[in-house]
$ cat query_29.pdb   # PDB, C-alpha atoms
ATOM      1  CA  MET A  20     -98.043 -48.244-198.733
ATOM      2  CA  ALA A  21     -95.213 -46.129-197.418
ATOM      3  CA  THR A  22     -94.466 -45.738-193.795
ATOM      4  CA  THR A  23     -92.814 -42.700-192.390
ATOM      5  CA  THR A  24     -90.874 -42.338-189.234
ATOM      6  CA  PRO A  25     -92.050 -39.562-187.002
ATOM      7  CA  GLN A  26     -89.503 -36.759-186.705
ATOM      8  CA  ARG A  27     -88.748 -35.286-183.322
ATOM      9  CA  SER A  28     -88.898 -31.562-183.472
ATOM     10  CA  GLY A  29     -85.670 -29.943-182.366
ATOM     11  CA  GLY A  30     -84.013 -33.118-181.072
ATOM     12  CA  SER A  31     -80.442 -32.372-182.094
ATOM     13  CA  ALA A  32     -80.915 -28.648-181.470
ATOM     14  CA  THR A  33     -82.016 -29.397-177.911
ATOM     15  CA  VAL A  34     -78.982 -31.588-177.323
ATOM     16  CA  ALA A  35     -76.744 -28.900-178.822
ATOM     17  CA  ARG A  36     -78.161 -26.201-176.573
ATOM     18  CA  GLY A  37     -77.818 -28.551-173.616
ATOM     19  CA  LEU A  38     -74.139 -29.221-174.369
ATOM     20  CA  VAL A  39     -73.387 -25.513-174.697
ATOM     21  CA  ALA A  40     -75.257 -24.762-171.465
ATOM     22  CA  PHE A  41     -73.380 -27.564-169.725
ATOM     23  CA  ALA A  42     -70.057 -26.251-171.018
ATOM     24  CA  ALA A  43     -71.003 -22.728-169.909
ATOM     25  CA  VAL A  44     -71.805 -23.864-166.376
ATOM     26  CA  MET A  45     -68.671 -26.002-166.137
ATOM     27  CA  LEU A  46     -66.493 -23.192-167.539
ATOM     28  CA  PHE A  47     -68.000 -20.818-164.968
ATOM     29  CA  ILE A  48     -67.306 -23.221-162.096
ATOM     30  CA  ALA A  49     -63.811 -24.112-163.300
ATOM     31  CA  GLY A  50     -63.035 -20.429-163.884
ATOM     32  CA  LEU A  51     -64.185 -19.630-160.367
ATOM     33  CA  LEU A  52     -61.976 -22.403-158.991
ATOM     34  CA  ASP A  53     -59.000 -21.080-160.972
ATOM     35  CA  LEU A  54     -59.750 -17.589-159.693
ATOM     36  CA  PHE A  55     -59.640 -18.917-156.119
ATOM     37  CA  ARG A  56     -56.492 -20.888-156.904
ATOM     38  CA  GLY A  57     -54.895 -17.687-158.134
ATOM     39  CA  ILE A  58     -55.857 -15.850-154.948
ATOM     40  CA  MET A  59     -54.412 -18.695-152.839
ATOM     41  CA  ALA A  60     -51.152 -18.606-154.793
ATOM     42  CA  ILE A  61     -50.864 -14.814-154.575
ATOM     43  CA  ALA A  62     -51.418 -15.047-150.804
ATOM     44  CA  GLU A  63     -48.718 -17.777-150.756
ATOM     45  CA  ASP A  64     -50.985 -20.280-149.087
ATOM     46  CA  GLU A  65     -49.364 -23.349-147.561
ATOM     47  CA  VAL A  66     -51.471 -25.652-149.763
ATOM     48  CA  PHE A  67     -48.945 -25.477-152.590
ATOM     49  CA  ILE A  68     -45.732 -27.437-152.653
ATOM     50  CA  THR A  69     -42.475 -26.205-154.127
ATOM     51  CA  THR A  70     -40.459 -28.339-156.480
ATOM     52  CA  PRO A  71     -36.797 -27.497-156.925
ATOM     53  CA  ASP A  72     -35.276 -27.642-160.400
ATOM     54  CA  TYR A  73     -38.574 -27.567-162.300
ATOM     55  CA  VAL A  74     -38.043 -26.683-165.958
ATOM     56  CA  PHE A  75     -40.953 -24.218-166.051
ATOM     57  CA  GLU A  76     -40.035 -22.623-162.751
ATOM     58  CA  PHE A  77     -42.048 -19.531-162.030
ATOM     59  CA  ASP A  78     -42.649 -17.698-158.826
ATOM     60  CA  LEU A  79     -45.798 -18.950-157.099
ATOM     61  CA  THR A  80     -47.144 -15.402-157.066
ATOM     62  CA  GLY A  81     -46.623 -15.198-160.841
ATOM     63  CA  TRP A  82     -48.615 -18.388-161.354
ATOM     64  CA  GLY A  83     -51.234 -16.964-159.028
ATOM     65  CA  TRP A  84     -51.701 -13.886-161.200
ATOM     66  CA  ILE A  85     -51.885 -16.028-164.340
ATOM     67  CA  HIS A  86     -54.592 -18.248-162.827
ATOM     68  CA  LEU A  87     -56.450 -15.246-161.423
ATOM     69  CA  ILE A  88     -56.604 -13.512-164.817
ATOM     70  CA  LEU A  89     -57.454 -16.670-166.790
ATOM     71  CA  GLY A  90     -60.101 -17.643-164.222
ATOM     72  CA  ALA A  91     -61.739 -14.211-164.451
ATOM     73  CA  LEU A  92     -61.723 -14.434-168.263
ATOM     74  CA  ALA A  93     -63.260 -17.918-168.085
ATOM     75  CA  ILE A  94     -66.093 -16.570-165.947
ATOM     76  CA  LEU A  95     -66.765 -13.765-168.446
ATOM     77  CA  VAL A  96     -66.659 -16.114-171.449
ATOM     78  CA  SER A  97     -68.985 -18.571-169.710
ATOM     79  CA  LEU A  98     -71.554 -15.806-169.323
ATOM     80  CA  GLY A  99     -71.248 -15.118-173.065
ATOM     81  CA  LEU A 100     -71.896 -18.795-173.811
ATOM     82  CA  PHE A 101     -75.417 -18.480-172.429
ATOM     83  CA  THR A 102     -76.252 -16.117-175.306
ATOM     84  CA  GLY A 103     -75.431 -18.825-177.857
ATOM     85  CA  SER A 104     -72.727 -16.728-179.486
ATOM     86  CA  VAL A 105     -70.377 -18.574-181.837
ATOM     87  CA  ALA A 106     -67.644 -16.084-180.878
ATOM     88  CA  ALA A 107     -68.121 -16.989-177.207
ATOM     89  CA  ARG A 108     -67.810 -20.683-178.111
ATOM     90  CA  ALA A 109     -64.568 -20.010-179.984
ATOM     91  CA  ALA A 110     -63.267 -17.932-177.082
ATOM     92  CA  GLY A 111     -64.290 -20.698-174.675
ATOM     93  CA  VAL A 112     -62.344 -23.308-176.628
ATOM     94  CA  GLY A 113     -59.271 -21.064-176.825
ATOM     95  CA  LEU A 114     -59.425 -20.105-173.174
ATOM     96  CA  ALA A 115     -59.945 -23.697-172.037
ATOM     97  CA  GLY A 116     -56.886 -24.623-174.108
ATOM     98  CA  LEU A 117     -54.824 -21.925-172.391
ATOM     99  CA  LEU A 118     -56.043 -23.098-169.013
ATOM    100  CA  ILE A 119     -55.041 -26.675-169.837
ATOM    101  CA  ILE A 120     -51.525 -25.423-170.605
ATOM    102  CA  ALA A 121     -51.396 -23.277-167.445
ATOM    103  CA  ASN A 122     -52.551 -26.194-165.299
ATOM    104  CA  PHE A 123     -50.070 -28.536-166.963
ATOM    105  CA  LEU A 124     -47.253 -26.136-166.173
ATOM    106  CA  THR A 125     -48.325 -25.931-162.537
ATOM    107  CA  ILE A 126     -48.570 -29.692-161.945
ATOM    108  CA  PRO A 127     -45.568 -29.697-159.542
ATOM    109  CA  TYR A 128     -47.238 -27.080-157.324
ATOM    110  CA  TYR A 129     -50.585 -28.856-156.934
ATOM    111  CA  PRO A 130     -50.459 -32.179-158.853
ATOM    112  CA  LEU A 131     -53.783 -33.900-158.264
ATOM    113  CA  TRP A 132     -55.898 -30.781-158.678
ATOM    114  CA  SER A 133     -54.048 -29.766-161.851
ATOM    115  CA  ILE A 134     -54.778 -33.126-163.468
ATOM    116  CA  VAL A 135     -58.460 -33.026-162.463
ATOM    117  CA  VAL A 136     -58.906 -29.528-163.883
ATOM    118  CA  ILE A 137     -57.077 -30.462-167.103
ATOM    119  CA  ALA A 138     -59.637 -33.241-167.648
ATOM    120  CA  LEU A 139     -62.475 -30.822-166.886
ATOM    121  CA  TYR A 140     -61.231 -28.266-169.422
ATOM    122  CA  ALA A 141     -60.757 -31.016-172.026
ATOM    123  CA  PHE A 142     -64.400 -32.012-171.512
ATOM    124  CA  ILE A 143     -65.453 -28.363-171.911
ATOM    125  CA  ILE A 144     -63.564 -28.176-175.216
ATOM    126  CA  TRP A 145     -65.290 -31.355-176.389
ATOM    127  CA  ALA A 146     -68.726 -30.012-175.439
ATOM    128  CA  LEU A 147     -68.138 -26.723-177.271
ATOM    129  CA  CYS A 148     -66.662 -28.354-180.383
ATOM    130  CA  THR A 149     -69.260 -31.076-180.965
ATOM    131  CA  VAL A 150     -72.069 -28.608-181.621
ATOM    132  CA  LYS A 151     -72.593 -27.282-185.134
ATOM    133  CA  PRO A 152     -73.324 -23.519-185.268
ATOM    134  CA  GLU A 153     -76.689 -24.045-186.973
ATOM    135  CA  GLU A 154     -77.825 -26.369-184.151
ATOM    136  CA  THR A 155     -77.596 -23.785-181.349
TER
END

$ encode --input "query_29.pdb" --output "structure tokens"
Amino acid sequence: MATTTPQRSGGSATVARGLVAFAAVMLFIAGLLDLFRGIMAIAEDEVFITTPDYVFEFDLTGWGWIHLILGALAILVSLGLFTGSVAARAAGVGLAGLLIIANFLTIPYYPLWSIVVIALYAFIIWALCTVKPEET
């Protein structure tokens, strides 16, 4: 007498879709925050600090434009993630990687926020990379 274990229909596929949806929402929110951060830097808001003799010294307005553009791209890619596109997932991973680098380079201007957003983008990369294409 053989016993069989009941199979859940779509269990891993549901988790995969949930991870991609979560990453899409988080990428949208983080992109929006980077977009706002870029606007604040372009407007030369008093929130940012200046650090003399920083190796990666860039004008605050320059960093603002970089964050504005990358934030807008993150919002667009996050909308593509809702379609389940593998290309959007690859673009999301690449863009999140670029945003980690950009936030690392701007740590002296806004340290605590940069570190928080770096962790958020790392989590987005994890969520997009743990899903196999056939599961979505």

$ atom_distance --input "query_29.pdb" --atom1 "CA of Ile94 (chain A)" --atom2 "CA of Gly50 (chain A)"
5.3 Å

$ resolve_selection --input "query_29.pdb" --expression "the PyMOL selection byres ((chain A and resi 139-143) around 8)" --output "PDB file with C-alpha atoms, in the frame of the given file"
ATOM      1  CA  ALA A  42     -70.057 -26.251-171.018  1.00  0.00           C
ATOM      2  CA  MET A  45     -68.671 -26.002-166.137  1.00  0.00           C
ATOM      3  CA  LEU A  46     -66.493 -23.192-167.539  1.00  0.00           C
ATOM      4  CA  ALA A  49     -63.811 -24.112-163.300  1.00  0.00           C
ATOM      5  CA  VAL A 112     -62.344 -23.308-176.628  1.00  0.00           C
ATOM      6  CA  ALA A 115     -59.945 -23.697-172.037  1.00  0.00           C
ATOM      7  CA  GLY A 116     -56.886 -24.623-174.108  1.00  0.00           C
ATOM      8  CA  LEU A 118     -56.043 -23.098-169.013  1.00  0.00           C
ATOM      9  CA  ILE A 119     -55.041 -26.675-169.837  1.00  0.00           C
ATOM     10  CA  VAL A 135     -58.460 -33.026-162.463  1.00  0.00           C
ATOM     11  CA  VAL A 136     -58.906 -29.528-163.883  1.00  0.00           C
ATOM     12  CA  ILE A 137     -57.077 -30.462-167.103  1.00  0.00           C
ATOM     13  CA  ALA A 138     -59.637 -33.241-167.648  1.00  0.00           C
ATOM     14  CA  ILE A 144     -63.564 -28.176-175.216  1.00  0.00           C
ATOM     15  CA  TRP A 145     -65.290 -31.355-176.389  1.00  0.00           C
ATOM     16  CA  ALA A 146     -68.726 -30.012-175.439  1.00  0.00           C
ATOM     17  CA  LEU A 147     -68.138 -26.723-177.271  1.00  0.00           C
TER      18      LEU A 147
END

$ axis_aligned_box --input "query_29.pdb" --around "region 119-136 of chain A" --padding-each-side "3 Å" --output "AutoDock Vina command-line options"
--center_x -52.2 --center_y -28.6 --center_z -163.8 --size_x 19.3 --size_y 16.6 --size_z 19.7

$ residues_near_point --input "query_29.pdb" --point "(-50.9, -12.3, -157.5)" --cutoff "10 Å" --atoms "all atoms listed in the file" --output "list in words"
Gly57, Ile58, Met59, Ala60, Ile61, Ala62, Glu63, Asp78, Leu79, Thr80, Gly81, Trp82, Gly83, Trp84, Ile85, His86, Leu87 and Ile88 of chain A

$ closest_residue --input "query_29.pdb" --among "A:Arg108, A:Asp53, A:Ile120, A:Gly103" --to "Leu89 (chain A)" --atoms "all atoms listed in the file"
A:Asp53

$ residues_near_point --input "query_29.pdb" --point "(-67.4, -21.8, -170.3)" --cutoff "6 Å" --atoms "all atoms listed in the file" --output "list in words"
Ala42, Ala43, Leu46, Phe47, Val96, Ser97 and Gly111 of chain A

$ atom_distance --input "query_29.pdb" --atom1 "CA of Gly37 (chain A)" --atom2 "CA of Thr102 (chain A)"
12.6 Å

$ atom_distance --input "query_29.pdb" --atom1 "CA of Tyr128 (chain A)" --atom2 "CA of Val44 (chain A)"
26.4 Å

$ decode --input "query_29.pdb" --residues "region 116-142 of chain A" --atoms "N, CA, C and O atoms" --output "PDB file, in the first residue's frame"
ATOM      1  N   GLY A 116      21.600  47.466  -8.810  1.00  0.00           N
ATOM      2  CA  GLY A 116      23.047  47.466  -8.605  1.00  0.00           C
ATOM      3  C   GLY A 116      23.656  48.847  -8.817  1.00  0.00           C
ATOM      4  O   GLY A 116      24.498  49.301  -8.025  1.00  0.00           O
ATOM      5  N   LEU A 117      23.217  49.538  -9.871  1.00  0.00           N
ATOM      6  CA  LEU A 117      23.696  50.899 -10.112  1.00  0.00           C
ATOM      7  C   LEU A 117      23.283  51.846  -8.992  1.00  0.00           C
ATOM      8  O   LEU A 117      24.055  52.720  -8.579  1.00  0.00           O
ATOM      9  N   LEU A 118      22.080  51.662  -8.493  1.00  0.00           N
ATOM     10  CA  LEU A 118      21.606  52.515  -7.412  1.00  0.00           C
ATOM     11  C   LEU A 118      22.341  52.232  -6.098  1.00  0.00           C
ATOM     12  O   LEU A 118      22.546  53.145  -5.296  1.00  0.00           O
ATOM     13  N   ILE A 119      22.755  50.996  -5.888  1.00  0.00           N
ATOM     14  CA  ILE A 119      23.590  50.701  -4.719  1.00  0.00           C
ATOM     15  C   ILE A 119      24.905  51.463  -4.828  1.00  0.00           C
ATOM     16  O   ILE A 119      25.364  52.079  -3.864  1.00  0.00           O
ATOM     17  N   ILE A 120      25.516  51.438  -6.008  1.00  0.00           N
ATOM     18  CA  ILE A 120      26.781  52.155  -6.211  1.00  0.00           C
ATOM     19  C   ILE A 120      26.585  53.659  -6.028  1.00  0.00           C
ATOM     20  O   ILE A 120      27.377  54.325  -5.346  1.00  0.00           O
ATOM     21  N   ALA A 121      25.527  54.215  -6.628  1.00  0.00           N
ATOM     22  CA  ALA A 121      25.271  55.653  -6.511  1.00  0.00           C
ATOM     23  C   ALA A 121      25.039  56.050  -5.050  1.00  0.00           C
ATOM     24  O   ALA A 121      25.543  57.083  -4.597  1.00  0.00           O
ATOM     25  N   ASN A 122      24.311  55.227  -4.312  1.00  0.00           N
ATOM     26  CA  ASN A 122      24.068  55.551  -2.907  1.00  0.00           C
ATOM     27  C   ASN A 122      25.313  55.362  -2.060  1.00  0.00           C
ATOM     28  O   ASN A 122      25.519  56.088  -1.092  1.00  0.00           O
ATOM     29  N   PHE A 123      26.160  54.415  -2.420  1.00  0.00           N
ATOM     30  CA  PHE A 123      27.431  54.256  -1.713  1.00  0.00           C
ATOM     31  C   PHE A 123      28.306  55.493  -1.911  1.00  0.00           C
ATOM     32  O   PHE A 123      28.926  55.986  -0.971  1.00  0.00           O
ATOM     33  N   LEU A 124      28.327  55.990  -3.141  1.00  0.00           N
ATOM     34  CA  LEU A 124      29.168  57.149  -3.426  1.00  0.00           C
ATOM     35  C   LEU A 124      28.642  58.437  -2.805  1.00  0.00           C
ATOM     36  O   LEU A 124      29.384  59.410  -2.670  1.00  0.00           O
ATOM     37  N   THR A 125      27.379  58.447  -2.421  1.00  0.00           N
ATOM     38  CA  THR A 125      26.818  59.645  -1.796  1.00  0.00           C
ATOM     39  C   THR A 125      26.641  59.494  -0.289  1.00  0.00           C
ATOM     40  O   THR A 125      25.945  60.304   0.332  1.00  0.00           O
ATOM     41  N   ILE A 126      27.285  58.517   0.310  1.00  0.00           N
ATOM     42  CA  ILE A 126      27.192  58.331   1.766  1.00  0.00           C
ATOM     43  C   ILE A 126      27.592  59.591   2.537  1.00  0.00           C
ATOM     44  O   ILE A 126      26.912  59.964   3.486  1.00  0.00           O
ATOM     45  N   PRO A 127      28.660  60.305   2.159  1.00  0.00           N
ATOM     46  CA  PRO A 127      29.025  61.502   2.941  1.00  0.00           C
ATOM     47  C   PRO A 127      27.978  62.617   2.899  1.00  0.00           C
ATOM     48  O   PRO A 127      27.945  63.462   3.782  1.00  0.00           O
ATOM     49  N   TYR A 128      27.126  62.637   1.882  1.00  0.00           N
ATOM     50  CA  TYR A 128      26.132  63.701   1.776  1.00  0.00           C
ATOM     51  C   TYR A 128      24.888  63.428   2.620  1.00  0.00           C
ATOM     52  O   TYR A 128      24.224  64.358   3.062  1.00  0.00           O
ATOM     53  N   TYR A 129      24.544  62.151   2.782  1.00  0.00           N
ATOM     54  CA  TYR A 129      23.346  61.788   3.535  1.00  0.00           C
ATOM     55  C   TYR A 129      23.547  60.359   4.051  1.00  0.00           C
ATOM     56  O   TYR A 129      22.972  59.410   3.526  1.00  0.00           O
ATOM     57  N   PRO A 130      24.392  60.184   5.091  1.00  0.00           N
ATOM     58  CA  PRO A 130      24.886  58.852   5.471  1.00  0.00           C
ATOM     59  C   PRO A 130      23.829  57.820   5.853  1.00  0.00           C
ATOM     60  O   PRO A 130      23.821  56.726   5.293  1.00  0.00           O
ATOM     61  N   LEU A 131      22.977  58.137   6.791  1.00  0.00           N
ATOM     62  CA  LEU A 131      22.036  57.130   7.280  1.00  0.00           C
ATOM     63  C   LEU A 131      21.079  56.688   6.177  1.00  0.00           C
ATOM     64  O   LEU A 131      20.840  55.491   5.993  1.00  0.00           O
ATOM     65  N   TRP A 132      20.547  57.633   5.431  1.00  0.00           N
ATOM     66  CA  TRP A 132      19.600  57.291   4.379  1.00  0.00           C
ATOM     67  C   TRP A 132      20.273  56.462   3.290  1.00  0.00           C
ATOM     68  O   TRP A 132      19.682  55.516   2.776  1.00  0.00           O
ATOM     69  N   SER A 133      21.506  56.795   2.942  1.00  0.00           N
ATOM     70  CA  SER A 133      22.221  56.035   1.914  1.00  0.00           C
ATOM     71  C   SER A 133      22.365  54.570   2.320  1.00  0.00           C
ATOM     72  O   SER A 133      22.155  53.672   1.508  1.00  0.00           O
ATOM     73  N   ILE A 134      22.695  54.331   3.564  1.00  0.00           N
ATOM     74  CA  ILE A 134      22.882  52.955   4.037  1.00  0.00           C
ATOM     75  C   ILE A 134      21.553  52.203   4.049  1.00  0.00           C
ATOM     76  O   ILE A 134      21.484  51.027   3.657  1.00  0.00           O
ATOM     77  N   VAL A 135      20.482  52.858   4.464  1.00  0.00           N
ATOM     78  CA  VAL A 135      19.161  52.219   4.473  1.00  0.00           C
ATOM     79  C   VAL A 135      18.746  51.834   3.056  1.00  0.00           C
ATOM     80  O   VAL A 135      18.261  50.724   2.802  1.00  0.00           O
ATOM     81  N   VAL A 136      18.945  52.733   2.113  1.00  0.00           N
ATOM     82  CA  VAL A 136      18.523  52.468   0.734  1.00  0.00           C
ATOM     83  C   VAL A 136      19.410  51.407   0.084  1.00  0.00           C
ATOM     84  O   VAL A 136      18.934  50.604  -0.716  1.00  0.00           O
ATOM     85  N   ILE A 137      20.687  51.358   0.444  1.00  0.00           N
ATOM     86  CA  ILE A 137      21.563  50.298  -0.062  1.00  0.00           C
ATOM     87  C   ILE A 137      21.019  48.934   0.364  1.00  0.00           C
ATOM     88  O   ILE A 137      20.948  47.997  -0.439  1.00  0.00           O
ATOM     89  N   ALA A 138      20.625  48.803   1.623  1.00  0.00           N
ATOM     90  CA  ALA A 138      20.051  47.539   2.100  1.00  0.00           C
ATOM     91  C   ALA A 138      18.751  47.215   1.370  1.00  0.00           C
ATOM     92  O   ALA A 138      18.501  46.052   1.009  1.00  0.00           O
ATOM     93  N   LEU A 139      17.938  48.207   1.109  1.00  0.00           N
ATOM     94  CA  LEU A 139      16.680  48.005   0.394  1.00  0.00           C
ATOM     95  C   LEU A 139      16.934  47.502  -1.025  1.00  0.00           C
ATOM     96  O   LEU A 139      16.304  46.543  -1.482  1.00  0.00           O
ATOM     97  N   TYR A 140      17.875  48.121  -1.733  1.00  0.00           N
ATOM     98  CA  TYR A 140      18.184  47.678  -3.090  1.00  0.00           C
ATOM     99  C   TYR A 140      18.814  46.278  -3.099  1.00  0.00           C
ATOM    100  O   TYR A 140      18.570  45.497  -4.019  1.00  0.00           O
ATOM    101  N   ALA A 141      19.604  45.958  -2.083  1.00  0.00           N
ATOM    102  CA  ALA A 141      20.166  44.607  -1.994  1.00  0.00           C
ATOM    103  C   ALA A 141      19.046  43.584  -1.826  1.00  0.00           C
ATOM    104  O   ALA A 141      19.082  42.497  -2.435  1.00  0.00           O
ATOM    105  N   PHE A 142      18.038  43.910  -1.039  1.00  0.00           N
ATOM    106  CA  PHE A 142      16.898  43.012  -0.849  1.00  0.00           C
ATOM    107  C   PHE A 142      16.106  42.866  -2.145  1.00  0.00           C
ATOM    108  O   PHE A 142      15.624  41.777  -2.462  1.00  0.00           O
TER     109      PHE A 142
END
